[in-house]
file structure_20.pdb (PDB, C-alpha atoms and all ligand atoms)
ATOM      1  CA  MET Q  14      13.121   8.792  19.165  1.00  0.00           C
ATOM      2  CA  LYS Q  15      14.833  10.107  22.308  1.00  0.00           C
ATOM      3  CA  ASN Q  16      13.654  12.983  24.477  1.00  0.00           C
ATOM      4  CA  LEU Q  17      16.094  15.798  25.182  1.00  0.00           C
ATOM      5  CA  GLY Q  18      15.774  18.001  28.253  1.00  0.00           C
ATOM      6  CA  ILE Q  19      17.659  21.278  27.939  1.00  0.00           C
ATOM      7  CA  LEU Q  20      18.778  23.181  31.036  1.00  0.00           C
ATOM      8  CA  LEU Q  21      19.921  26.781  30.663  1.00  0.00           C
ATOM      9  CA  SER Q  22      20.422  29.976  32.634  1.00  0.00           C
ATOM     10  CA  GLY Q  23      21.069  32.683  30.048  1.00  0.00           C
ATOM     11  CA  ARG Q  24      21.293  33.688  26.413  1.00  0.00           C
ATOM     12  CA  GLY Q  25      20.540  30.228  25.069  1.00  0.00           C
ATOM     13  CA  SER Q  26      22.563  30.227  21.852  1.00  0.00           C
ATOM     14  CA  ASN Q  27      23.685  26.621  22.358  1.00  0.00           C
ATOM     15  CA  PHE Q  28      20.105  25.575  22.978  1.00  0.00           C
ATOM     16  CA  GLU Q  29      18.988  27.467  19.868  1.00  0.00           C
ATOM     17  CA  ALA Q  30      21.646  25.733  17.777  1.00  0.00           C
ATOM     18  CA  ILE Q  31      20.504  22.330  19.075  1.00  0.00           C
ATOM     19  CA  ALA Q  32      16.853  23.198  18.397  1.00  0.00           C
ATOM     20  CA  LYS Q  33      17.607  24.359  14.850  1.00  0.00           C
ATOM     21  CA  ASN Q  34      19.588  21.197  14.169  1.00  0.00           C
ATOM     22  CA  VAL Q  35      16.717  19.081  15.489  1.00  0.00           C
ATOM     23  CA  ALA Q  36      14.202  21.011  13.356  1.00  0.00           C
ATOM     24  CA  ALA Q  37      16.415  20.562  10.286  1.00  0.00           C
ATOM     25  CA  GLY Q  38      16.618  16.801  10.819  1.00  0.00           C
ATOM     26  CA  LYS Q  39      20.323  16.946  11.625  1.00  0.00           C
ATOM     27  CA  ILE Q  40      19.825  15.241  14.994  1.00  0.00           C
ATOM     28  CA  PRO Q  41      17.400  12.661  13.629  1.00  0.00           C
ATOM     29  CA  GLU Q  42      17.093  10.555  16.777  1.00  0.00           C
ATOM     30  CA  ALA Q  43      16.004  13.418  19.034  1.00  0.00           C
ATOM     31  CA  ARG Q  44      13.158  15.715  19.916  1.00  0.00           C
ATOM     32  CA  ILE Q  45      13.261  18.469  22.526  1.00  0.00           C
ATOM     33  CA  ALA Q  46      10.817  17.538  25.281  1.00  0.00           C
ATOM     34  CA  VAL Q  47      11.374  20.527  27.558  1.00  0.00           C
ATOM     35  CA  VAL Q  48      13.568  23.584  28.095  1.00  0.00           C
ATOM     36  CA  ILE Q  49      14.112  24.436  31.757  1.00  0.00           C
ATOM     37  CA  SER Q  50      15.637  27.630  33.125  1.00  0.00           C
ATOM     38  CA  ASN Q  51      16.490  28.486  36.712  1.00  0.00           C
ATOM     39  CA  GLU Q  52      16.638  32.188  35.798  1.00  0.00           C
ATOM     40  CA  PRO Q  53      13.422  34.097  35.062  1.00  0.00           C
ATOM     41  CA  ASP Q  54      15.087  36.464  32.587  1.00  0.00           C
ATOM     42  CA  ALA Q  55      17.031  33.882  30.579  1.00  0.00           C
ATOM     43  CA  GLY Q  56      16.982  34.794  26.883  1.00  0.00           C
ATOM     44  CA  GLY Q  57      16.785  31.104  26.068  1.00  0.00           C
ATOM     45  CA  MET Q  58      13.235  30.951  27.432  1.00  0.00           C
ATOM     46  CA  ALA Q  59      11.975  33.484  24.882  1.00  0.00           C
ATOM     47  CA  ILE Q  60      13.673  31.493  22.125  1.00  0.00           C
ATOM     48  CA  ALA Q  61      12.003  28.289  23.330  1.00  0.00           C
ATOM     49  CA  GLN Q  62       8.580  29.929  23.377  1.00  0.00           C
ATOM     50  CA  ARG Q  63       9.116  31.388  19.924  1.00  0.00           C
ATOM     51  CA  MET Q  64      10.020  27.925  18.637  1.00  0.00           C
ATOM     52  CA  GLY Q  65       6.893  26.421  20.174  1.00  0.00           C
ATOM     53  CA  LEU Q  66       8.779  24.356  22.751  1.00  0.00           C
ATOM     54  CA  GLU Q  67       7.794  23.944  26.372  1.00  0.00           C
ATOM     55  CA  ALA Q  68       9.704  26.575  28.383  1.00  0.00           C
ATOM     56  CA  LEU Q  69       9.583  25.761  32.076  1.00  0.00           C
ATOM     57  CA  LEU Q  70      10.872  28.159  34.718  1.00  0.00           C
ATOM     58  CA  ILE Q  71      12.029  26.465  37.914  1.00  0.00           C
ATOM     59  CA  PRO Q  72      13.575  29.310  39.918  1.00  0.00           C
ATOM     60  CA  SER Q  73      16.625  28.451  42.006  1.00  0.00           C
ATOM     61  CA  LYS Q  74      16.785  31.700  43.955  1.00  0.00           C
ATOM     62  CA  GLY Q  75      16.343  31.213  47.674  1.00  0.00           C
ATOM     63  CA  LYS Q  76      16.212  27.414  47.383  1.00  0.00           C
ATOM     64  CA  GLN Q  77      18.606  24.803  48.709  1.00  0.00           C
ATOM     65  CA  ARG Q  78      20.363  22.896  45.929  1.00  0.00           C
ATOM     66  CA  GLN Q  79      18.682  19.654  46.962  1.00  0.00           C
ATOM     67  CA  GLU Q  80      15.204  21.136  46.774  1.00  0.00           C
ATOM     68  CA  HIS Q  81      15.780  22.797  43.406  1.00  0.00           C
ATOM     69  CA  ASP Q  82      17.465  19.731  41.897  1.00  0.00           C
ATOM     70  CA  GLY Q  83      14.521  17.634  43.103  1.00  0.00           C
ATOM     71  CA  GLU Q  84      12.077  19.839  41.213  1.00  0.00           C
ATOM     72  CA  VAL Q  85      14.163  19.790  38.041  1.00  0.00           C
ATOM     73  CA  VAL Q  86      14.668  16.007  38.110  1.00  0.00           C
ATOM     74  CA  ALA Q  87      10.926  15.484  38.672  1.00  0.00           C
ATOM     75  CA  ALA Q  88      10.108  17.681  35.672  1.00  0.00           C
ATOM     76  CA  LEU Q  89      12.615  15.768  33.506  1.00  0.00           C
ATOM     77  CA  HIS Q  90      11.254  12.377  34.597  1.00  0.00           C
ATOM     78  CA  GLN Q  91       7.656  13.482  34.004  1.00  0.00           C
ATOM     79  CA  ARG Q  92       8.581  14.181  30.394  1.00  0.00           C
ATOM     80  CA  ASN Q  93      10.504  10.927  30.001  1.00  0.00           C
ATOM     81  CA  VAL Q  94      13.723  12.737  29.227  1.00  0.00           C
ATOM     82  CA  ASP Q  95      16.457  10.377  27.994  1.00  0.00           C
ATOM     83  CA  LEU Q  96      19.329  12.834  27.630  1.00  0.00           C
ATOM     84  CA  VAL Q  97      19.861  16.021  29.633  1.00  0.00           C
ATOM     85  CA  CYS Q  98      21.804  18.768  27.848  1.00  0.00           C
ATOM     86  CA  LEU Q  99      23.280  21.548  29.962  1.00  0.00           C
ATOM     87  CA  ALA Q 100      23.489  24.606  27.719  1.00  0.00           C
ATOM     88  CA  GLY Q 101      24.912  27.456  29.750  1.00  0.00           C
ATOM     89  CA  TYR Q 102      23.300  26.121  32.924  1.00  0.00           C
ATOM     90  CA  MET Q 103      25.215  28.023  35.561  1.00  0.00           C
ATOM     91  CA  ARG Q 104      24.532  25.719  38.489  1.00  0.00           C
ATOM     92  CA  LEU Q 105      26.448  22.797  39.866  1.00  0.00           C
ATOM     93  CA  LEU Q 106      24.366  19.616  39.855  1.00  0.00           C
ATOM     94  CA  SER Q 107      24.205  17.703  43.124  1.00  0.00           C
ATOM     95  CA  PRO Q 108      25.661  14.155  43.105  1.00  0.00           C
ATOM     96  CA  TRP Q 109      22.096  12.924  43.557  1.00  0.00           C
ATOM     97  CA  PHE Q 110      20.989  14.684  40.322  1.00  0.00           C
ATOM     98  CA  VAL Q 111      23.919  13.183  38.410  1.00  0.00           C
ATOM     99  CA  GLN Q 112      23.019   9.694  39.675  1.00  0.00           C
ATOM    100  CA  GLN Q 113      19.458  10.024  38.353  1.00  0.00           C
ATOM    101  CA  PHE Q 114      20.795  10.153  34.762  1.00  0.00           C
ATOM    102  CA  PRO Q 115      23.915   7.993  34.618  1.00  0.00           C
ATOM    103  CA  ARG Q 116      25.932   8.923  31.485  1.00  0.00           C
ATOM    104  CA  ARG Q 117      22.861  10.774  30.323  1.00  0.00           C
ATOM    105  CA  ILE Q 118      23.878  14.347  31.071  1.00  0.00           C
ATOM    106  CA  LEU Q 119      26.017  16.394  28.677  1.00  0.00           C
ATOM    107  CA  ASN Q 120      27.614  19.773  29.297  1.00  0.00           C
ATOM    108  CA  ILE Q 121      29.355  22.215  27.006  1.00  0.00           C
ATOM    109  CA  HIS Q 122      32.309  24.216  28.211  1.00  0.00           C
ATOM    110  CA  PRO Q 123      34.174  26.929  26.255  1.00  0.00           C
ATOM    111  CA  SER Q 124      37.714  25.590  26.725  1.00  0.00           C
ATOM    112  CA  LEU Q 125      39.780  22.548  25.888  1.00  0.00           C
ATOM    113  CA  LEU Q 126      39.303  20.771  29.212  1.00  0.00           C
ATOM    114  CA  PRO Q 127      41.019  20.085  31.530  1.00  0.00           C
ATOM    115  CA  ALA Q 128      42.357  23.599  30.876  1.00  0.00           C
ATOM    116  CA  PHE Q 129      40.353  26.486  32.278  1.00  0.00           C
ATOM    117  CA  PRO Q 130      37.359  24.965  34.054  1.00  0.00           C
ATOM    118  CA  GLY Q 131      34.941  27.314  35.816  1.00  0.00           C
ATOM    119  CA  LEU Q 132      33.710  30.744  34.864  1.00  0.00           C
ATOM    120  CA  GLU Q 133      34.851  32.877  31.913  1.00  0.00           C
ATOM    121  CA  ALA Q 134      36.963  30.139  30.395  1.00  0.00           C
ATOM    122  CA  GLN Q 135      37.534  32.025  27.138  1.00  0.00           C
ATOM    123  CA  GLU Q 136      38.863  35.053  29.034  1.00  0.00           C
ATOM    124  CA  GLN Q 137      41.066  32.776  31.151  1.00  0.00           C
ATOM    125  CA  ALA Q 138      42.527  31.180  28.008  1.00  0.00           C
ATOM    126  CA  PHE Q 139      43.074  34.535  26.292  1.00  0.00           C
ATOM    127  CA  ALA Q 140      44.792  36.021  29.345  1.00  0.00           C
ATOM    128  CA  TYR Q 141      46.956  32.910  29.733  1.00  0.00           C
ATOM    129  CA  GLY Q 142      48.237  33.433  26.200  1.00  0.00           C
ATOM    130  CA  VAL Q 143      47.337  30.035  24.769  1.00  0.00           C
ATOM    131  CA  LYS Q 144      47.744  29.670  20.997  1.00  0.00           C
ATOM    132  CA  ILE Q 145      45.003  27.036  20.706  1.00  0.00           C
ATOM    133  CA  ALA Q 146      41.681  27.493  22.493  1.00  0.00           C
ATOM    134  CA  GLY Q 147      38.461  25.577  21.927  1.00  0.00           C
ATOM    135  CA  CYS Q 148      35.444  23.930  23.468  1.00  0.00           C
ATOM    136  CA  THR Q 149      34.481  20.607  25.012  1.00  0.00           C
ATOM    137  CA  VAL Q 150      31.279  18.594  25.262  1.00  0.00           C
ATOM    138  CA  HIS Q 151      31.552  16.094  28.101  1.00  0.00           C
ATOM    139  CA  PHE Q 152      29.483  13.813  30.268  1.00  0.00           C
ATOM    140  CA  VAL Q 153      28.649  15.378  33.592  1.00  0.00           C
ATOM    141  CA  ASP Q 154      29.962  13.748  36.728  1.00  0.00           C
ATOM    142  CA  GLU Q 155      30.056  14.959  40.326  1.00  0.00           C
ATOM    143  CA  GLU Q 156      32.891  17.432  39.693  1.00  0.00           C
ATOM    144  CA  LEU Q 157      32.745  20.774  37.888  1.00  0.00           C
ATOM    145  CA  ASP Q 158      33.551  20.664  34.134  1.00  0.00           C
ATOM    146  CA  HIS Q 159      35.084  17.240  34.618  1.00  0.00           C
ATOM    147  CA  GLY Q 160      33.430  14.062  33.204  1.00  0.00           C
ATOM    148  CA  PRO Q 161      34.501  11.957  30.179  1.00  0.00           C
ATOM    149  CA  ILE Q 162      35.002  13.950  26.985  1.00  0.00           C
ATOM    150  CA  VAL Q 163      32.668  13.323  24.043  1.00  0.00           C
ATOM    151  CA  VAL Q 164      33.716  15.980  21.486  1.00  0.00           C
ATOM    152  CA  GLN Q 165      36.333  18.728  21.411  1.00  0.00           C
ATOM    153  CA  LYS Q 166      36.932  21.445  18.823  1.00  0.00           C
ATOM    154  CA  ALA Q 167      40.135  23.448  18.618  1.00  0.00           C
ATOM    155  CA  VAL Q 168      40.114  27.169  17.803  1.00  0.00           C
ATOM    156  CA  PRO Q 169      43.430  28.879  16.976  1.00  0.00           C
ATOM    157  CA  VAL Q 170      44.054  32.169  18.772  1.00  0.00           C
ATOM    158  CA  LEU Q 171      44.945  34.859  16.234  1.00  0.00           C
ATOM    159  CA  GLU Q 172      47.405  37.723  16.782  1.00  0.00           C
ATOM    160  CA  THR Q 173      44.536  40.100  16.099  1.00  0.00           C
ATOM    161  CA  ASP Q 174      42.120  38.476  18.563  1.00  0.00           C
ATOM    162  CA  THR Q 175      40.470  40.214  21.466  1.00  0.00           C
ATOM    163  CA  GLU Q 176      38.711  38.322  24.253  1.00  0.00           C
ATOM    164  CA  GLY Q 177      35.461  39.023  22.447  1.00  0.00           C
ATOM    165  CA  SER Q 178      36.508  37.895  18.979  1.00  0.00           C
ATOM    166  CA  LEU Q 179      38.033  34.707  20.382  1.00  0.00           C
ATOM    167  CA  ALA Q 180      34.913  33.934  22.438  1.00  0.00           C
ATOM    168  CA  ALA Q 181      32.756  34.447  19.329  1.00  0.00           C
ATOM    169  CA  ARG Q 182      34.789  31.960  17.268  1.00  0.00           C
ATOM    170  CA  ILE Q 183      34.728  29.456  20.123  1.00  0.00           C
ATOM    171  CA  LEU Q 184      30.933  29.856  20.314  1.00  0.00           C
ATOM    172  CA  GLU Q 185      30.568  28.999  16.596  1.00  0.00           C
ATOM    173  CA  GLN Q 186      32.408  25.756  17.284  1.00  0.00           C
ATOM    174  CA  GLU Q 187      30.324  25.084  20.403  1.00  0.00           C
ATOM    175  CA  HIS Q 188      27.207  25.096  18.258  1.00  0.00           C
ATOM    176  CA  ILE Q 189      28.725  22.510  15.894  1.00  0.00           C
ATOM    177  CA  ALA Q 190      30.227  20.395  18.689  1.00  0.00           C
ATOM    178  CA  TYR Q 191      26.998  20.025  20.653  1.00  0.00           C
ATOM    179  CA  ALA Q 192      25.026  18.539  17.754  1.00  0.00           C
ATOM    180  CA  GLU Q 193      27.900  16.155  17.003  1.00  0.00           C
ATOM    181  CA  ALA Q 194      28.057  15.031  20.622  1.00  0.00           C
ATOM    182  CA  ILE Q 195      24.309  14.438  20.883  1.00  0.00           C
ATOM    183  CA  ASN Q 196      24.335  12.404  17.673  1.00  0.00           C
ATOM    184  CA  LEU Q 197      27.283  10.363  18.899  1.00  0.00           C
ATOM    185  CA  VAL Q 198      25.729   9.629  22.281  1.00  0.00           C
ATOM    186  CA  LEU Q 199      22.314   8.759  20.829  1.00  0.00           C
ATOM    187  CA  THR Q 200      23.388   6.697  17.855  1.00  0.00           C
ATOM    188  CA  GLU Q 201      26.782   5.106  18.502  1.00  0.00           C
ATOM    189  CA  SER Q 202      27.808   2.210  20.699  1.00  0.00           C
ATOM    190  CA  PHE Q 203      30.670   3.083  22.977  1.00  0.00           C
ATOM    191  CA  ASP Q 204      32.346   2.210  26.240  1.00  0.00           C
ATOM    192  CA  ILE Q 205      33.917   4.514  28.756  1.00  0.00           C
ATOM    193  CA  ALA Q 206      37.360   3.098  29.555  1.00  0.00           C
ATOM    194  CA  GLY Q 207      38.600   5.098  32.522  1.00  0.00           C
ATOM    195  CA  ARG Q 208      37.850   8.559  31.214  1.00  0.00           C
ATOM    196  CA  ARG Q 209      38.147   7.613  27.542  1.00  0.00           C
ATOM    197  CA  LEU Q 210      35.134   7.306  25.286  1.00  0.00           C
ATOM    198  CA  VAL Q 211      35.914   4.394  22.979  1.00  0.00           C
ATOM    199  CA  ARG Q 212      33.624   3.442  20.098  1.00  0.00           C
ATOM    200  CA  ARG Q 213      32.834  -0.242  19.862  1.00  0.00           C
TER     201      ARG Q 213
HETATM  202  C1  LIG Q 301      28.597  28.991  26.523  1.00  0.00           C
HETATM  203  O1  LIG Q 301      29.776  29.594  26.054  1.00  0.00           O
HETATM  204  C2  LIG Q 301      28.904  27.745  27.322  1.00  0.00           C
HETATM  205  O2  LIG Q 301      29.990  27.024  26.798  1.00  0.00           O
HETATM  206  C3  LIG Q 301      29.228  28.320  28.679  1.00  0.00           C
HETATM  207  O3  LIG Q 301      28.251  29.320  28.851  1.00  0.00           O
HETATM  208  C4  LIG Q 301      27.910  29.876  27.584  1.00  0.00           C
HETATM  209  C5  LIG Q 301      26.411  29.862  27.426  1.00  0.00           C
HETATM  210  O4  LIG Q 301      26.030  30.515  26.246  1.00  0.00           O
HETATM  211  N1  LIG Q 301      29.172  27.328  29.704  1.00  0.00           N
HETATM  212  C6  LIG Q 301      30.026  27.258  30.734  1.00  0.00           C
HETATM  213  O5  LIG Q 301      30.899  28.093  30.927  1.00  0.00           O
HETATM  214  C7  LIG Q 301      29.826  26.071  31.660  1.00  0.00           C
HETATM  215  N2  LIG Q 301      30.897  25.948  32.598  1.00  0.00           N
HETATM  216  P1  LIG Q 301      24.598  30.268  25.610  1.00  0.00           P
HETATM  217  O6  LIG Q 301      23.585  30.565  26.714  1.00  0.00           O
HETATM  218  O7  LIG Q 301      24.502  31.267  24.495  1.00  0.00           O
HETATM  219  O8  LIG Q 301      24.526  28.855  25.130  1.00  0.00           O
END
call {"tool": "encode", "arguments": {"input": "structure_20.pdb", "output": "structure tokens"}}
result
Amino acid sequence: MKNLGILLSGRGSNFEAIAKNVAAGKIPEARIAVVISNEPDAGGMAIAQRMGLEALLIPSKGKQRQEHDGEVVAALHQRNVDLVCLAGYMRLLSPWFVQQFPRRILNIHPSLLPAFPGLEAQEQAFAYGVKIAGCTVHFVDEELDHGPIVVQKAVPVLETDTEGSLAARILEQEHIAYAEAINLVLTESFDIAGRRLVRR
């Protein structure tokens, strides 16, 4: 059994989807050891408490990145976390943080990377006029929205879409993609060849 550490900053729907999948036995190798937020008002914290999971607030406001990352990494190590899942965690991790969990940090991003990294990716894709949008779960490296890709899901953009309707359909796929990615990383043997995840 592997320990997941979830980091979030907001609503927490990706975390909730992971937690429900774990509870339903659909991520059989994992348990959620801790949910950490840097934002006091993150909706994800209330969800964690409701689900009986440890919800740990480690505020980032007014702290240097190094100091805050040090506190988060210590909390993850204390709970023997094997895999860190960023779920709407709106902070860049320092290179030092990334090195503490080599190939053991996943992030979800609401675009088909490398298109539209950064904030409001769904809005960027909609405004650009793409016909296929989607989401990506990837390993975290030192660059923003950048490491090797684990799972991607495509979402067609409909003539009738608005930014909001497109973002909602992407979010549905995010919730499916994250569980798939966690299962793959925890249960399959693979190599990373360059940027490519190749199953053995
Ligand atoms: C999700 O759409 C996630 O892909 C995005 O933030 C949202 C969090 O929603 N993450 C990024 O943009 C990371 N660059 P949630 O709190 O409901 O999971």
call {"tool": "residues_near_ligand", "arguments": {"input": "structure_20.pdb", "ligand": "ligand LIG 301 (chain Q)", "cutoff": "6 Å", "atoms": "only C-alpha atoms and all ligand atoms", "output": "count of residues only"}}
result
14
call {"tool": "residues_around", "arguments": {"input": "structure_20.pdb", "residues": "stretch 77-86 of chain Q", "least_positions_apart": "5", "cutoff": "12 Å", "atoms": "only C-alpha atoms", "output": "ChimeraX atom specification"}}
result
/Q:18-21,47-51,69-72,91-97,104-114,118
call {"tool": "write_last_selection", "arguments": {"input": "structure_20.pdb", "atoms": "C-alpha atoms", "output": "short mmCIF file (atom, residue, chain, number, x, y, z; two decimals), in the coordinates of the input"}}
result
data_model
loop_
_atom_site.label_atom_id
_atom_site.label_comp_id
_atom_site.auth_asym_id
_atom_site.auth_seq_id
_atom_site.Cartn_x
_atom_site.Cartn_y
_atom_site.Cartn_z
CA GLY Q 18 15.77 18.00 28.25
CA ILE Q 19 17.66 21.28 27.94
CA LEU Q 20 18.78 23.18 31.04
CA LEU Q 21 19.92 26.78 30.66
CA VAL Q 47 11.37 20.53 27.56
CA VAL Q 48 13.57 23.58 28.10
CA ILE Q 49 14.11 24.44 31.76
CA SER Q 50 15.64 27.63 33.12
CA ASN Q 51 16.49 28.49 36.71
CA LEU Q 69 9.58 25.76 32.08
CA LEU Q 70 10.87 28.16 34.72
CA ILE Q 71 12.03 26.46 37.91
CA PRO Q 72 13.58 29.31 39.92
CA GLN Q 91 7.66 13.48 34.00
CA ARG Q 92 8.58 14.18 30.39
CA ASN Q 93 10.50 10.93 30.00
CA VAL Q 94 13.72 12.74 29.23
CA ASP Q 95 16.46 10.38 27.99
CA LEU Q 96 19.33 12.83 27.63
CA VAL Q 97 19.86 16.02 29.63
CA ARG Q 104 24.53 25.72 38.49
CA LEU Q 105 26.45 22.80 39.87
CA LEU Q 106 24.37 19.62 39.85
CA SER Q 107 24.20 17.70 43.12
CA PRO Q 108 25.66 14.16 43.10
CA TRP Q 109 22.10 12.92 43.56
CA PHE Q 110 20.99 14.68 40.32
CA VAL Q 111 23.92 13.18 38.41
CA GLN Q 112 23.02 9.69 39.67
CA GLN Q 113 19.46 10.02 38.35
CA PHE Q 114 20.80 10.15 34.76
CA ILE Q 118 23.88 14.35 31.07
#
call {"tool": "atom_distance", "arguments": {"input": "structure_20.pdb", "atom1": "atom CA of Q:Pro169", "atom2": "atom CA of Q:Tyr141"}}
result
13.8 Å
call {"tool": "atom_distance", "arguments": {"input": "structure_20.pdb", "atom1": "atom CA of Q:Thr200", "atom2": "atom CA of Q:Gly160"}}
result
19.8 Å
call {"tool": "atom_distance", "arguments": {"input": "structure_20.pdb", "atom1": "atom CA of Q:Ala55", "atom2": "atom CA of Q:Tyr191"}}
result
19.7 Å
call {"tool": "residues_around", "arguments": {"input": "structure_20.pdb", "residues": "stretch 136-138 of chain Q", "least_positions_apart": "4", "cutoff": "9 Å", "atoms": "all atoms listed in the file", "output": "PyMOL selection string"}}
result
chain Q and resi 124+128-129+132+142-146+176-177+179-180
call {"tool": "closest_residue", "arguments": {"input": "structure_20.pdb", "among": "Q:Ile60, Q:Val168, Q:Leu99, Q:Met14", "to": "Q:Pro41", "atoms": "only C-alpha atoms"}}
result
Q:Met14
call {"tool": "resolve_selection", "arguments": {"input": "structure_20.pdb", "expression": "the PyMOL selection byres (((chain Q and resi 194) around 9) and not hetatm)", "output": "list of chain:residue names"}}
result
Q:Leu119, Q:Val150, Q:His151, Q:Val163, Q:Val164, Q:Ile189, Q:Ala190, Q:Tyr191, Q:Ala192, Q:Glu193, Q:Ile195, Q:Asn196, Q:Leu197, Q:Val198, Q:Leu199
call {"tool": "closest_residue", "arguments": {"input": "structure_20.pdb", "among": "Q:Ala61, Q:Asn34, Q:Gly56, Q:Ala68", "to": "Q:Ala88", "atoms": "only C-alpha atoms"}}
result
Q:Ala68
call {"tool": "closest_residue", "arguments": {"input": "structure_20.pdb", "among": "Q:Gln165, Q:Ser22, Q:Gln135, Q:Ser73", "to": "Q:Asp54", "atoms": "all atoms listed in the file"}}
result
Q:Ser22
call {"tool": "closest_residue", "arguments": {"input": "structure_20.pdb", "among": "Q:Lys15, Q:Arg182, Q:His188, Q:Arg209", "to": "Q:Ala30", "atoms": "only C-alpha atoms"}}
result
Q:His188
call {"tool": "closest_residue", "arguments": {"input": "structure_20.pdb", "among": "Q:Ala87, Q:Pro115, Q:Phe139, Q:Arg44", "to": "Q:Leu171", "atoms": "all atoms listed in the file"}}
result
Q:Phe139
call {"tool": "resolve_selection", "arguments": {"input": "structure_20.pdb", "expression": "the PyMOL selection byres (((chain Q and resi 203) around 6) and not hetatm)", "output": "VMD selection string"}}
result
chain Q and resid 202 204 211 to 213
call {"tool": "closest_residue", "arguments": {"input": "structure_20.pdb", "among": "Q:Gly147, Q:Ala37, Q:Ala43, Q:Ile31", "to": "Q:Leu17", "atoms": "all atoms listed in the file"}}
result
Q:Ala43
